[in-house]
2 protein chains.
Amino acid sequence: MSRYTIGVDFGSESGRAVLVDVANGKEIATAVYPYSHGVIDEKIPGTEIKLELDWALQDPQDYVRVFKITIPAVLKESGVNPDDVIGLGIDFTACTMLPTKADGTPLCDLPEYRDHPHAWVKLWKHHAAQYEADMINANARRMGEDWLDRYGGKISSEWFFSKALQIVNEAPEIYNAADRLLEAADWVVWQLTGKETRNSCTAGYKALWSKENGFPKKEFFASLNPKLGSVIEEKMSTDITPVGQKAGGLSERAAGWTGLKAGIAVAIANVDAHVAVPAATVTEPGRMVMIMGTSTCDMVLGTEEHIVPGMCGYVEDGIIPGFFGYEAGQSCVGDHFAWFVENCVPYEYGIEADERGMDIHQLLEEKAAQLKVGESGLLALDWWNGNRSVLVDVDLTGMMLGMTLATKPEEIYRALIEATAYGKRIIIETFQKNGVPIHELVACGGLPEKNKLLMQIYADVIGLPIKVSASKQTPALGSAMFGAVAAGKGLGGYDSIYDAARVMAHLKDEVYLPNPENQKMYEKIYAEYVILHDYFGRGANDVMKRLKNIKAEARK
Amino acid sequence: MSRYTIGVDFGSESGRAVLVDVANGKEIATAVYPYSHGVIDEKIPGTEIKLELDWALQDPQDYVRVFKITIPAVLKESGVNPDDVIGLGIDFTACTMLPTKADGTPLCDLPEYRDHPHAWVKLWKHHAAQYEADMINANARRMGEDWLDRYGGKISSEWFFSKALQIVNEAPEIYNAADRLLEAADWVVWQLTGKETRNSCTAGYKALWSKENGFPKKEFFASLNPKLGSVIEEKMSTDITPVGQKAGGLSERAAGWTGLKAGIAVAIANVDAHVAVPAATVTEPGRMVMIMGTSTCDMVLGTEEHIVPGMCGYVEDGIIPGFFGYEAGQSCVGDHFAWFVENCVPYEYGIEADERGMDIHQLLEEKAAQLKVGESGLLALDWWNGNRSVLVDVDLTGMMLGMTLATKPEEIYRALIEATAYGKRIIIETFQKNGVPIHELVACGGLPEKNKLLMQIYADVIGLPIKVSASKQTPALGSAMFGAVAAGKGLGGYDSIYDAARVMAHLKDEVYLPNPENQKMYEKIYAEYVILHDYFGRGANDVMKRLKNIKAEARK
């Protein structure tokens, strides 16, 4: 008798449910619900209240609607008997957080707070808390907080306490009214089980928590704002559950929403990029997973604790129980190529692509693939959106050199791809130098499907074989796998994520192997990249920052 | 009674005659003849003999046809009585040179040499003599030839003896058959007067001659190729005439070609960029003329001899008699913007320009003009075609930095314009620092007509007022002015180019004045330009050259 689990992946614009066969990981049915309010960045819904620049909110009821709409849809599409669905897992963007009452009611669902922007969900890309992030970094440095090292020496405006501090600073009445501040990931699990839990992944990567030391101390929070001093005791929880555990059973209410059987296992919440790791077959050290889309997230497991300079963070039990999960990233990958296509590709190329029935990216890929390594004479730094790892500096900007009057668009396009590959190599070498071994790469996400040239360039620049996840919806598959682990072997699932990954996660047959000729040429160009990377990125010439200051002055 | 002169401007693709009123410089009639063979860069006309890469030849009979066709045309169009035309002047591209027999017959006009590429005119942009230029530079350095300093320490493959040496090296039989080697400028004057003359301008700027020291010594030429040892005595002339003199009277034969009166004054040959200087009203030190087109030529007069690092050269009597004429240049100006428009402007901009009935450059100018100084955060080095002045290095390439995901095409376009303005400022400051004062700029050529934003940016970056020549065909006007000087006051012309310039040359009313606000911002960005200019251009990081080597290797 077949058993099934459902993975629900909450993205920035929509939620997606995938119903998966526990025996082999086969994805039987998929349904997507685009959030009715999408990303709220102009006005509070139903009002004329305008949001300031850099705000990005969401409606928590959109998340509930994902359950109510997509789960019945996959049941219907697949024809699977709900009795055969043994578990449920979710993954979410992070840090996406909200204030609620003690029973989990979001403040924005209460009439008295509905018109208040700070009562709503702050989406991961809410970037209005930069002042707060700067203050957290400054105070942490001043007070010698040793947790700062775990995050490459700097935390981001996207993270949990930047957002929480913005609420305290700008809307103390909302902060006071909130009994709980929590990740949306944990909130949706709460909606499914009726019970509050907190996952180790978002706590570790976004909320400064560690298994060994817990949260930062009271004095630190008080230094940011006296009101925040008791945030942990009052509004958070120190009961953090490692990923891979069961959060609880499906409540009667949620069973009613979804058509699933009450009581089936619900996994502890998880994060989209992190849950993709076992879904890409990786449950052991040495193989780095690259989740490649508009930006790239790099994940690798380690058996030991190492401070790796410029990483986004490392968390014990943060990805796979029993390992330190290391995370790094590049903030501009698919976005880089999209910018180029939108702003720099001439008319004639659009016509040619149309005539040949191709996507413009395909046409550029075809033309760029005909170039030999080094033939363009171009070299770029991939900093159009700052540098996440290893420099952790949002104020860096793009650079390209080597242009002549004969330079063609496909040469520039290829140079941008190569730049991201060089950036990736620096990340990998930094891990390796700091005691985190990497000997193989596994790619997932949208880009590897779309651009074979990019994959080959990565293999040639980095000098490691690259495999590709078989699933096109790796995070949802990963959540379904964690759902199977939450159910456990006794109920038809698995006792561990290792067991689940062995049968439910698959790679494609194709492997991108480094081409030795290309490797030799890239070796020389990479050496030039490193010189420029360090010159512009490590303080020898801060021209990019000075130009940013001039830019700010000009726009005043 | 009105008196007229005719200026004939020989360009790369066509020749142009302009008939001018001597009393006020008014351009009465213009006629253009596109060379029937244009630029010969594929096959010798009438044969299947292919030319190698970088060759560029011309047919000297095309030049004669310019006289035969355009001069009767301007006489006819204007209705002017040929008896009222008192003089004729010409200007030419340089160095454009050819081998002839003792009577001036081009070797390529003789049946026995017609099929030989080296028997034809080598156009200025014949770039196949790089090996020879390198050898000249190396030997000159080794032998301590002090003339090398006059040319910024390096001569180009375009120059006279690079081309002559290529003939000796590759076709000794042609070299032996040539009684004369000379500039096409001097050759066309010879065709008009029946008498060989040599002008001080091409001799000084292109053929290593100086008024004080003559040509380089015999031993130097012999070091290049023993056959070349006696080139000066055998095939050149040491009788060099300063520009502004009369070459002779119009021959009966040339009178027959043109419909002009035999015996009227023909001016000593001149060069297009140089003849533009008095036509732009400049006959004194302190005011630099910028001839702005695909590339830019900068001309300034000095009363003293100064070694200015990185200049193209300086020649006594080379522009205006009695002054040292200093020349500098930027190899990529209009070409820079054309490259951008051809390779980097997206579809939507083409559509918008079409819909609004605008040229794409106009549209970009309009959009770029709306940007505040520094607002884009971009900074470029204008080296897409190497750097002529002040680094004299063809192996440098383009660079741009500051790009973000919000960077727009018009921001890049503006940054490219600004880059050429920064490059110009470095040239001006180098002159000033080395004893050649400059306090005002006068622009002529195609660009100042077309792009007002560019002119304002130059004024703001450089901090000097810029005036614009009233004539749209400054070189032809300049040649007509020299024709009037050759005729002399007694015959209704002028006794000096100063007198001619005072009445025949005009500026537009508009002046581009530096905007103090913009100047202040540009001051900061220029400081950043200088740092990068020196870092990439003066040896701190020769990445551009190393990438060029890698490129050459990749293309093998």
# chains A, B, ... in the order shown; residues from 1 in each chain; ligands from 1

$ select_by_dssp --residues "segment 309-541 of chain B" --states "alpha helix (DSSP H)" --output "number ranges by chain"
B: 334-344, 347-355, 360-369, 409-433, 446-450, 452-462, 474-487, 497-504, 516-537

$ closest_atom_pairs --of "chain A" --to "chain B" --cutoff "7 Å" --atoms "only C-alpha atoms" --output "Markdown table"
| residue | atom | partner | partner_atom | distance |
| --- | --- | --- | --- | --- |
| A:Trp339 | CA | B:Leu405 | CA | 6.0 |
| A:Glu342 | CA | B:Pro346 | CA | 6.9 |
| A:Asn343 | CA | B:Pro346 | CA | 5.6 |
| A:Cys344 | CA | B:Cys344 | CA | 4.3 |
| A:Val345 | CA | B:Pro346 | CA | 5.1 |
| A:Pro346 | CA | B:Pro346 | CA | 4.7 |
| A:Tyr347 | CA | B:Tyr347 | CA | 4.3 |
| A:Gly350 | CA | B:Tyr347 | CA | 6.9 |
| A:Lys372 | CA | B:Ala554 | CA | 6.4 |
| A:Val373 | CA | B:Ala554 | CA | 6.6 |
| A:Gly374 | CA | B:Lys551 | CA | 5.3 |
| A:Glu375 | CA | B:Lys551 | CA | 4.5 |
| A:Ser376 | CA | B:Lys551 | CA | 6.4 |
| A:Gly377 | CA | B:Leu547 | CA | 5.2 |
| A:Trp384 | CA | B:Thr404 | CA | 4.1 |
| A:Asn385 | CA | B:Thr404 | CA | 5.8 |
| A:Thr397 | CA | B:Gly402 | CA | 4.8 |
| A:Gly398 | CA | B:Met403 | CA | 4.5 |
| A:Met399 | CA | B:Leu401 | CA | 4.0 |
| A:Met400 | CA | B:Met400 | CA | 5.5 |
| A:Leu401 | CA | B:Met399 | CA | 4.0 |
| A:Gly402 | CA | B:Thr397 | CA | 4.8 |
| A:Met403 | CA | B:Gly398 | CA | 4.5 |
| A:Thr404 | CA | B:Trp384 | CA | 4.1 |
| A:Leu405 | CA | B:Trp384 | CA | 5.6 |
| A:Lys408 | CA | B:Asn343 | CA | 6.4 |
| A:Pro409 | CA | B:Asn343 | CA | 6.0 |
| A:Glu528 | CA | B:Val543 | CA | 6.6 |
| A:Val543 | CA | B:Glu528 | CA | 6.5 |
| A:Met544 | CA | B:Gly402 | CA | 6.0 |
| A:Leu547 | CA | B:Gly377 | CA | 5.2 |
| A:Lys548 | CA | B:Gly377 | CA | 5.8 |
| A:Ile550 | CA | B:Gly374 | CA | 5.9 |
| A:Lys551 | CA | B:Glu375 | CA | 4.5 |
| A:Ala554 | CA | B:Glu375 | CA | 5.2 |
| A:Arg555 | CA | B:Glu375 | CA | 6.1 |

$ write_last_selection --atoms "N, CA and C atoms" --output "mmCIF file, in the first residue's frame"
data_model
loop_
_atom_site.group_PDB
_atom_site.id
_atom_site.type_symbol
_atom_site.label_atom_id
_atom_site.label_comp_id
_atom_site.auth_asym_id
_atom_site.auth_seq_id
_atom_site.Cartn_x
_atom_site.Cartn_y
_atom_site.Cartn_z
ATOM 1 N N TRP A 339 19.116 41.630 -15.381
ATOM 2 C CA TRP A 339 19.461 43.051 -15.546
ATOM 3 C C TRP A 339 20.090 43.278 -16.909
ATOM 4 N N GLU A 342 17.605 42.997 -19.711
ATOM 5 C CA GLU A 342 16.640 44.095 -19.722
ATOM 6 C C GLU A 342 17.262 45.414 -20.179
ATOM 7 N N ASN A 343 18.513 45.623 -19.850
ATOM 8 C CA ASN A 343 19.117 46.938 -20.053
ATOM 9 C C ASN A 343 20.177 47.019 -21.134
ATOM 10 N N CYS A 344 20.721 45.921 -21.555
ATOM 11 C CA CYS A 344 21.932 45.997 -22.387
ATOM 12 C C CYS A 344 21.905 45.155 -23.649
ATOM 13 N N VAL A 345 20.777 44.553 -24.014
ATOM 14 C CA VAL A 345 20.786 43.704 -25.205
ATOM 15 C C VAL A 345 20.129 44.436 -26.372
ATOM 16 N N PRO A 346 20.873 44.581 -27.471
ATOM 17 C CA PRO A 346 20.364 45.434 -28.553
ATOM 18 C C PRO A 346 19.201 44.808 -29.315
ATOM 19 N N TYR A 347 18.482 45.682 -29.947
ATOM 20 C CA TYR A 347 17.339 45.425 -30.809
ATOM 21 C C TYR A 347 17.521 44.181 -31.689
ATOM 22 N N GLY A 350 17.003 40.906 -30.099
ATOM 23 C CA GLY A 350 15.594 40.616 -29.840
ATOM 24 C C GLY A 350 14.911 40.080 -31.093
ATOM 25 N N LYS A 372 35.594 30.983 -26.996
ATOM 26 C CA LYS A 372 36.586 30.231 -26.240
ATOM 27 C C LYS A 372 36.871 30.950 -24.914
ATOM 28 N N VAL A 373 37.322 30.185 -23.942
ATOM 29 C CA VAL A 373 37.649 30.788 -22.641
ATOM 30 C C VAL A 373 38.741 31.841 -22.844
ATOM 31 N N GLY A 374 38.490 33.047 -22.336
ATOM 32 C CA GLY A 374 39.502 34.099 -22.400
ATOM 33 C C GLY A 374 39.465 34.925 -23.671
ATOM 34 N N GLU A 375 38.688 34.477 -24.635
ATOM 35 C CA GLU A 375 38.683 35.112 -25.946
ATOM 36 C C GLU A 375 38.153 36.552 -25.926
ATOM 37 N N SER A 376 37.267 36.841 -25.000
ATOM 38 C CA SER A 376 36.672 38.182 -24.978
ATOM 39 C C SER A 376 37.601 39.212 -24.348
ATOM 40 N N GLY A 377 38.539 38.753 -23.532
ATOM 41 C CA GLY A 377 39.398 39.696 -22.813
ATOM 42 C C GLY A 377 38.682 40.438 -21.695
ATOM 43 N N TRP A 384 26.922 43.611 -8.548
ATOM 44 C CA TRP A 384 25.810 44.498 -8.929
ATOM 45 C C TRP A 384 24.810 44.670 -7.776
ATOM 46 N N ASN A 385 24.761 43.685 -6.875
ATOM 47 C CA ASN A 385 23.877 43.784 -5.711
ATOM 48 C C ASN A 385 24.686 43.621 -4.425
ATOM 49 N N THR A 397 29.832 47.555 -5.561
ATOM 50 C CA THR A 397 29.041 47.634 -6.807
ATOM 51 C C THR A 397 29.782 46.892 -7.916
ATOM 52 N N GLY A 398 29.149 46.822 -9.078
ATOM 53 C CA GLY A 398 29.714 46.047 -10.179
ATOM 54 C C GLY A 398 30.930 46.704 -10.813
ATOM 55 N N MET A 399 31.736 45.866 -11.476
ATOM 56 C CA MET A 399 32.910 46.363 -12.202
ATOM 57 C C MET A 399 33.127 45.447 -13.396
ATOM 58 N N MET A 400 33.489 46.047 -14.530
ATOM 59 C CA MET A 400 33.894 45.242 -15.673
ATOM 60 C C MET A 400 35.023 45.953 -16.374
ATOM 61 N N LEU A 401 35.978 45.170 -16.875
ATOM 62 C CA LEU A 401 37.041 45.788 -17.660
ATOM 63 C C LEU A 401 37.429 44.888 -18.826
ATOM 64 N N GLY A 402 38.193 45.456 -19.747
ATOM 65 C CA GLY A 402 38.640 44.716 -20.924
ATOM 66 C C GLY A 402 37.856 45.042 -22.180
ATOM 67 N N MET A 403 36.890 45.969 -22.083
ATOM 68 C CA MET A 403 36.063 46.268 -23.244
ATOM 69 C C MET A 403 36.876 46.961 -24.342
ATOM 70 N N THR A 404 36.559 46.614 -25.601
ATOM 71 C CA THR A 404 37.119 47.305 -26.756
ATOM 72 C C THR A 404 35.953 47.661 -27.672
ATOM 73 N N LEU A 405 36.251 48.326 -28.771
ATOM 74 C CA LEU A 405 35.191 48.682 -29.705
ATOM 75 C C LEU A 405 34.638 47.450 -30.417
ATOM 76 N N LYS A 408 31.275 42.365 -27.966
ATOM 77 C CA LYS A 408 29.902 42.036 -28.334
ATOM 78 C C LYS A 408 29.065 41.729 -27.086
ATOM 79 N N PRO A 409 27.737 41.891 -27.191
ATOM 80 C CA PRO A 409 26.870 41.620 -26.038
ATOM 81 C C PRO A 409 27.064 40.220 -25.447
ATOM 82 N N GLU A 528 43.492 36.962 -11.844
ATOM 83 C CA GLU A 528 43.241 38.398 -12.031
ATOM 84 C C GLU A 528 42.002 38.830 -11.241
ATOM 85 N N VAL A 543 36.717 53.130 -3.789
ATOM 86 C CA VAL A 543 36.033 54.000 -4.760
ATOM 87 C C VAL A 543 34.542 53.693 -4.859
ATOM 88 N N MET A 544 34.166 52.414 -4.761
ATOM 89 C CA MET A 544 32.748 52.073 -4.901
ATOM 90 C C MET A 544 31.919 52.706 -3.781
ATOM 91 N N LEU A 547 31.775 56.513 -4.349
ATOM 92 C CA LEU A 547 30.796 56.859 -5.386
ATOM 93 C C LEU A 547 29.372 56.701 -4.862
ATOM 94 N N LYS A 548 29.161 55.717 -3.992
ATOM 95 C CA LYS A 548 27.824 55.566 -3.393
ATOM 96 C C LYS A 548 27.485 56.776 -2.526
ATOM 97 N N ILE A 550 28.674 59.817 -2.995
ATOM 98 C CA ILE A 550 28.424 60.910 -3.945
ATOM 99 C C ILE A 550 27.013 60.781 -4.524
ATOM 100 N N LYS A 551 26.642 59.543 -4.821
ATOM 101 C CA LYS A 551 25.310 59.253 -5.359
ATOM 102 C C LYS A 551 24.217 59.685 -4.377
ATOM 103 N N ALA A 554 24.053 63.392 -4.405
ATOM 104 C CA ALA A 554 23.443 63.909 -5.639
ATOM 105 C C ALA A 554 21.929 63.770 -5.608
ATOM 106 N N ARG A 555 21.451 62.730 -4.937
ATOM 107 C CA ARG A 555 20.001 62.462 -4.936
ATOM 108 C C ARG A 555 19.260 63.226 -3.862
#

$ residues_around --residues "segment 483-498 of chain B" --least-positions-apart "2" --cutoff "9 Å" --atoms "only C-alpha atoms" --output "ChimeraX atom specification"
/B:2-7,22-23,86-90,244-248,264-268,278,281-284,320-321,478-481,500-502

$ write_last_selection --atoms "N, CA and C atoms" --output "mmCIF file, in the first residue's frame"
data_model
loop_
_atom_site.group_PDB
_atom_site.id
_atom_site.type_symbol
_atom_site.label_atom_id
_atom_site.label_comp_id
_atom_site.auth_asym_id
_atom_site.auth_seq_id
_atom_site.Cartn_x
_atom_site.Cartn_y
_atom_site.Cartn_z
ATOM 1 N N SER B 2 33.968 91.183 -55.026
ATOM 2 C CA SER B 2 34.237 90.049 -54.141
ATOM 3 C C SER B 2 35.344 89.166 -54.684
ATOM 4 N N ARG B 3 36.100 88.616 -53.744
ATOM 5 C CA ARG B 3 37.138 87.650 -54.065
ATOM 6 C C ARG B 3 36.829 86.346 -53.312
ATOM 7 N N TYR B 4 37.235 85.245 -53.945
ATOM 8 C CA TYR B 4 36.909 83.935 -53.361
ATOM 9 C C TYR B 4 38.140 83.036 -53.345
ATOM 10 N N THR B 5 38.125 82.094 -52.388
ATOM 11 C CA THR B 5 39.116 81.013 -52.451
ATOM 12 C C THR B 5 38.374 79.693 -52.261
ATOM 13 N N ILE B 6 39.059 78.616 -52.624
ATOM 14 C CA ILE B 6 38.453 77.289 -52.489
ATOM 15 C C ILE B 6 39.330 76.451 -51.567
ATOM 16 N N GLY B 7 38.684 75.789 -50.609
ATOM 17 C CA GLY B 7 39.385 74.835 -49.745
ATOM 18 C C GLY B 7 38.937 73.434 -50.121
ATOM 19 N N VAL B 22 36.265 85.589 -49.429
ATOM 20 C CA VAL B 22 37.465 86.006 -48.697
ATOM 21 C C VAL B 22 37.166 87.141 -47.711
ATOM 22 N N ALA B 23 36.158 87.942 -48.025
ATOM 23 C CA ALA B 23 35.870 89.129 -47.213
ATOM 24 C C ALA B 23 35.288 88.787 -45.848
ATOM 25 N N ILE B 86 40.861 83.522 -56.252
ATOM 26 C CA ILE B 86 42.270 83.953 -56.232
ATOM 27 C C ILE B 86 43.225 82.922 -55.650
ATOM 28 N N GLY B 87 42.681 81.867 -55.043
ATOM 29 C CA GLY B 87 43.596 80.904 -54.425
ATOM 30 C C GLY B 87 42.898 79.626 -54.048
ATOM 31 N N LEU B 88 43.740 78.649 -53.695
ATOM 32 C CA LEU B 88 43.279 77.304 -53.457
ATOM 33 C C LEU B 88 44.138 76.717 -52.339
ATOM 34 N N GLY B 89 43.488 76.041 -51.393
ATOM 35 C CA GLY B 89 44.255 75.343 -50.355
ATOM 36 C C GLY B 89 43.692 73.936 -50.180
ATOM 37 N N ILE B 90 44.519 73.034 -49.722
ATOM 38 C CA ILE B 90 44.016 71.679 -49.478
ATOM 39 C C ILE B 90 44.447 71.203 -48.096
ATOM 40 N N GLY B 244 51.292 77.872 -44.492
ATOM 41 C CA GLY B 244 51.015 79.303 -44.603
ATOM 42 C C GLY B 244 51.728 79.922 -45.794
ATOM 43 N N GLN B 245 52.616 79.142 -46.425
ATOM 44 C CA GLN B 245 53.317 79.651 -47.609
ATOM 45 C C GLN B 245 52.559 79.244 -48.883
ATOM 46 N N LYS B 246 53.004 79.855 -49.966
ATOM 47 C CA LYS B 246 52.483 79.475 -51.275
ATOM 48 C C LYS B 246 53.336 78.331 -51.831
ATOM 49 N N ALA B 247 52.669 77.294 -52.372
ATOM 50 C CA ALA B 247 53.418 76.193 -52.983
ATOM 51 C C ALA B 247 53.782 76.529 -54.418
ATOM 52 N N GLY B 248 52.910 77.270 -55.095
ATOM 53 C CA GLY B 248 53.162 77.615 -56.486
ATOM 54 C C GLY B 248 51.884 78.137 -57.125
ATOM 55 N N ILE B 264 46.848 80.977 -60.442
ATOM 56 C CA ILE B 264 46.394 81.448 -59.121
ATOM 57 C C ILE B 264 47.129 80.661 -58.031
ATOM 58 N N ALA B 265 47.163 81.253 -56.849
ATOM 59 C CA ALA B 265 47.984 80.717 -55.760
ATOM 60 C C ALA B 265 47.456 79.390 -55.236
ATOM 61 N N VAL B 266 48.390 78.456 -55.012
ATOM 62 C CA VAL B 266 48.064 77.195 -54.333
ATOM 63 C C VAL B 266 48.885 77.147 -53.048
ATOM 64 N N ALA B 267 48.203 76.898 -51.942
ATOM 65 C CA ALA B 267 48.895 76.893 -50.646
ATOM 66 C C ALA B 267 49.661 75.585 -50.445
ATOM 67 N N ILE B 268 50.696 75.673 -49.642
ATOM 68 C CA ILE B 268 51.416 74.476 -49.177
ATOM 69 C C ILE B 268 50.405 73.533 -48.503
ATOM 70 N N PRO B 278 43.135 77.526 -37.161
ATOM 71 C CA PRO B 278 42.790 78.925 -37.457
ATOM 72 C C PRO B 278 41.340 79.084 -37.909
ATOM 73 N N THR B 281 39.207 80.022 -35.294
ATOM 74 C CA THR B 281 39.591 81.361 -34.779
ATOM 75 C C THR B 281 40.857 81.374 -33.930
ATOM 76 N N VAL B 282 41.528 80.217 -33.817
ATOM 77 C CA VAL B 282 42.671 80.162 -32.900
ATOM 78 C C VAL B 282 43.981 80.370 -33.653
ATOM 79 N N THR B 283 44.647 81.481 -33.349
ATOM 80 C CA THR B 283 45.964 81.731 -33.943
ATOM 81 C C THR B 283 46.946 82.173 -32.866
ATOM 82 N N GLU B 284 46.593 81.910 -31.625
ATOM 83 C CA GLU B 284 47.457 82.355 -30.530
ATOM 84 C C GLU B 284 47.467 81.287 -29.423
ATOM 85 N N ILE B 320 50.572 76.918 -36.954
ATOM 86 C CA ILE B 320 50.570 78.337 -37.303
ATOM 87 C C ILE B 320 52.033 78.785 -37.293
ATOM 88 N N PRO B 321 52.475 79.446 -38.352
ATOM 89 C CA PRO B 321 53.876 79.865 -38.409
ATOM 90 C C PRO B 321 54.247 80.714 -37.189
ATOM 91 N N GLY B 478 39.335 76.143 -43.334
ATOM 92 C CA GLY B 478 40.744 76.429 -43.027
ATOM 93 C C GLY B 478 41.603 76.389 -44.289
ATOM 94 N N SER B 479 41.356 75.405 -45.134
ATOM 95 C CA SER B 479 42.135 75.311 -46.381
ATOM 96 C C SER B 479 41.880 76.520 -47.268
ATOM 97 N N ALA B 480 40.631 76.955 -47.324
ATOM 98 C CA ALA B 480 40.318 78.154 -48.119
ATOM 99 C C ALA B 480 41.033 79.379 -47.550
ATOM 100 N N MET B 481 41.131 79.440 -46.213
ATOM 101 C CA MET B 481 41.851 80.544 -45.571
ATOM 102 C C MET B 481 43.326 80.516 -45.963
ATOM 103 N N ALA B 500 43.799 86.504 -41.996
ATOM 104 C CA ALA B 500 42.711 85.721 -42.593
ATOM 105 C C ALA B 500 41.737 85.264 -41.513
ATOM 106 N N ALA B 501 42.284 84.774 -40.395
ATOM 107 C CA ALA B 501 41.434 84.238 -39.323
ATOM 108 C C ALA B 501 40.542 85.328 -38.739
ATOM 109 N N ARG B 502 41.085 86.528 -38.643
ATOM 110 C CA ARG B 502 40.340 87.629 -38.022
ATOM 111 C C ARG B 502 39.011 87.886 -38.744
#

$ atom_distance --atom1 "atom CA of Gly153 of chain A" --atom2 "atom CA of Ala138 of chain A"
10.5 Å

$ atom_distance --atom1 "atom CA of Lys424 of chain B" --atom2 "atom CA of Ala470 of chain B"
22.0 Å

$ closest_residue --among "B:Leu208, B:Ala129, B:Ala119, B:Leu224" --to "Ala171 of chain B" --atoms "only C-alpha atoms"
B:Ala119

$ atom_distance --atom1 "atom CA of Trp120 of chain B" --atom2 "atom CA of Ser237 of chain B"
20.4 Å

$ residues_around --residues "Gly302 of chain A" --least-positions-apart "5" --cutoff "9 Å" --atoms "only C-alpha atoms" --output "JSON, numbers by chain"
{"A": [284, 285, 286, 323, 324, 325, 326, 435, 436, 437]}

$ write_last_selection --atoms "all heavy atoms" --output "short mmCIF file (atom, residue, chain, number, x, y, z; two decimals), in the first residue's frame"
data_model
loop_
_atom_site.label_atom_id
_atom_site.label_comp_id
_atom_site.auth_asym_id
_atom_site.auth_seq_id
_atom_site.Cartn_x
_atom_site.Cartn_y
_atom_site.Cartn_z
N GLU A 284 25.39 14.64 4.14
CA GLU A 284 26.71 14.40 4.71
C GLU A 284 27.66 15.53 4.32
O GLU A 284 27.41 16.25 3.36
CB GLU A 284 27.27 13.06 4.22
CG GLU A 284 27.83 13.04 2.80
CD GLU A 284 26.80 13.08 1.68
OE1 GLU A 284 25.60 13.32 1.96
OE2 GLU A 284 27.19 12.94 0.52
N PRO A 285 28.77 15.70 5.04
CA PRO A 285 29.73 16.74 4.69
C PRO A 285 30.37 16.49 3.33
O PRO A 285 30.31 15.38 2.80
CB PRO A 285 30.78 16.64 5.81
CG PRO A 285 30.07 15.99 6.93
CD PRO A 285 29.11 15.03 6.30
N GLY A 286 30.98 17.55 2.77
CA GLY A 286 31.80 17.39 1.57
C GLY A 286 31.10 17.74 0.28
O GLY A 286 31.76 18.00 -0.73
N PHE A 323 24.76 17.79 12.47
CA PHE A 323 25.83 18.49 11.76
C PHE A 323 25.74 20.01 11.98
O PHE A 323 24.67 20.54 12.24
CB PHE A 323 25.76 18.24 10.25
CG PHE A 323 26.07 16.83 9.87
CD1 PHE A 323 25.06 15.95 9.51
CD2 PHE A 323 27.38 16.37 9.88
CE1 PHE A 323 25.35 14.64 9.15
CE2 PHE A 323 27.68 15.06 9.52
CZ PHE A 323 26.65 14.19 9.17
N PHE A 324 26.87 20.64 11.84
CA PHE A 324 26.85 22.09 11.71
C PHE A 324 26.46 22.41 10.26
O PHE A 324 27.06 21.88 9.33
CB PHE A 324 28.23 22.69 12.03
CG PHE A 324 28.55 22.65 13.49
CD1 PHE A 324 29.19 21.54 14.05
CD2 PHE A 324 28.16 23.68 14.32
CE1 PHE A 324 29.45 21.49 15.41
CE2 PHE A 324 28.43 23.64 15.68
CZ PHE A 324 29.07 22.54 16.23
N GLY A 325 25.46 23.25 10.10
CA GLY A 325 25.04 23.64 8.75
C GLY A 325 25.63 25.00 8.42
O GLY A 325 25.32 25.99 9.08
N TYR A 326 26.49 25.04 7.42
CA TYR A 326 27.12 26.30 7.02
C TYR A 326 26.38 26.90 5.82
O TYR A 326 26.04 26.20 4.89
CB TYR A 326 28.58 26.05 6.62
CG TYR A 326 29.45 25.68 7.79
CD1 TYR A 326 29.54 24.36 8.24
CD2 TYR A 326 30.17 26.66 8.47
CE1 TYR A 326 30.33 24.02 9.32
CE2 TYR A 326 30.97 26.33 9.56
CZ TYR A 326 31.05 25.01 9.98
OH TYR A 326 31.82 24.69 11.05
N GLY A 435 38.66 24.67 7.08
CA GLY A 435 38.35 23.39 7.71
C GLY A 435 37.02 22.78 7.33
O GLY A 435 36.58 21.81 7.97
N VAL A 436 36.32 23.32 6.34
CA VAL A 436 35.06 22.73 5.90
C VAL A 436 35.30 22.15 4.50
O VAL A 436 35.31 22.90 3.52
CB VAL A 436 33.93 23.78 5.87
CG1 VAL A 436 32.61 23.14 5.44
CG2 VAL A 436 33.78 24.45 7.23
N PRO A 437 35.51 20.83 4.39
CA PRO A 437 35.87 20.27 3.09
C PRO A 437 34.70 20.26 2.10
O PRO A 437 33.54 20.12 2.50
CB PRO A 437 36.29 18.84 3.42
CG PRO A 437 35.70 18.53 4.75
CD PRO A 437 35.44 19.83 5.45
#
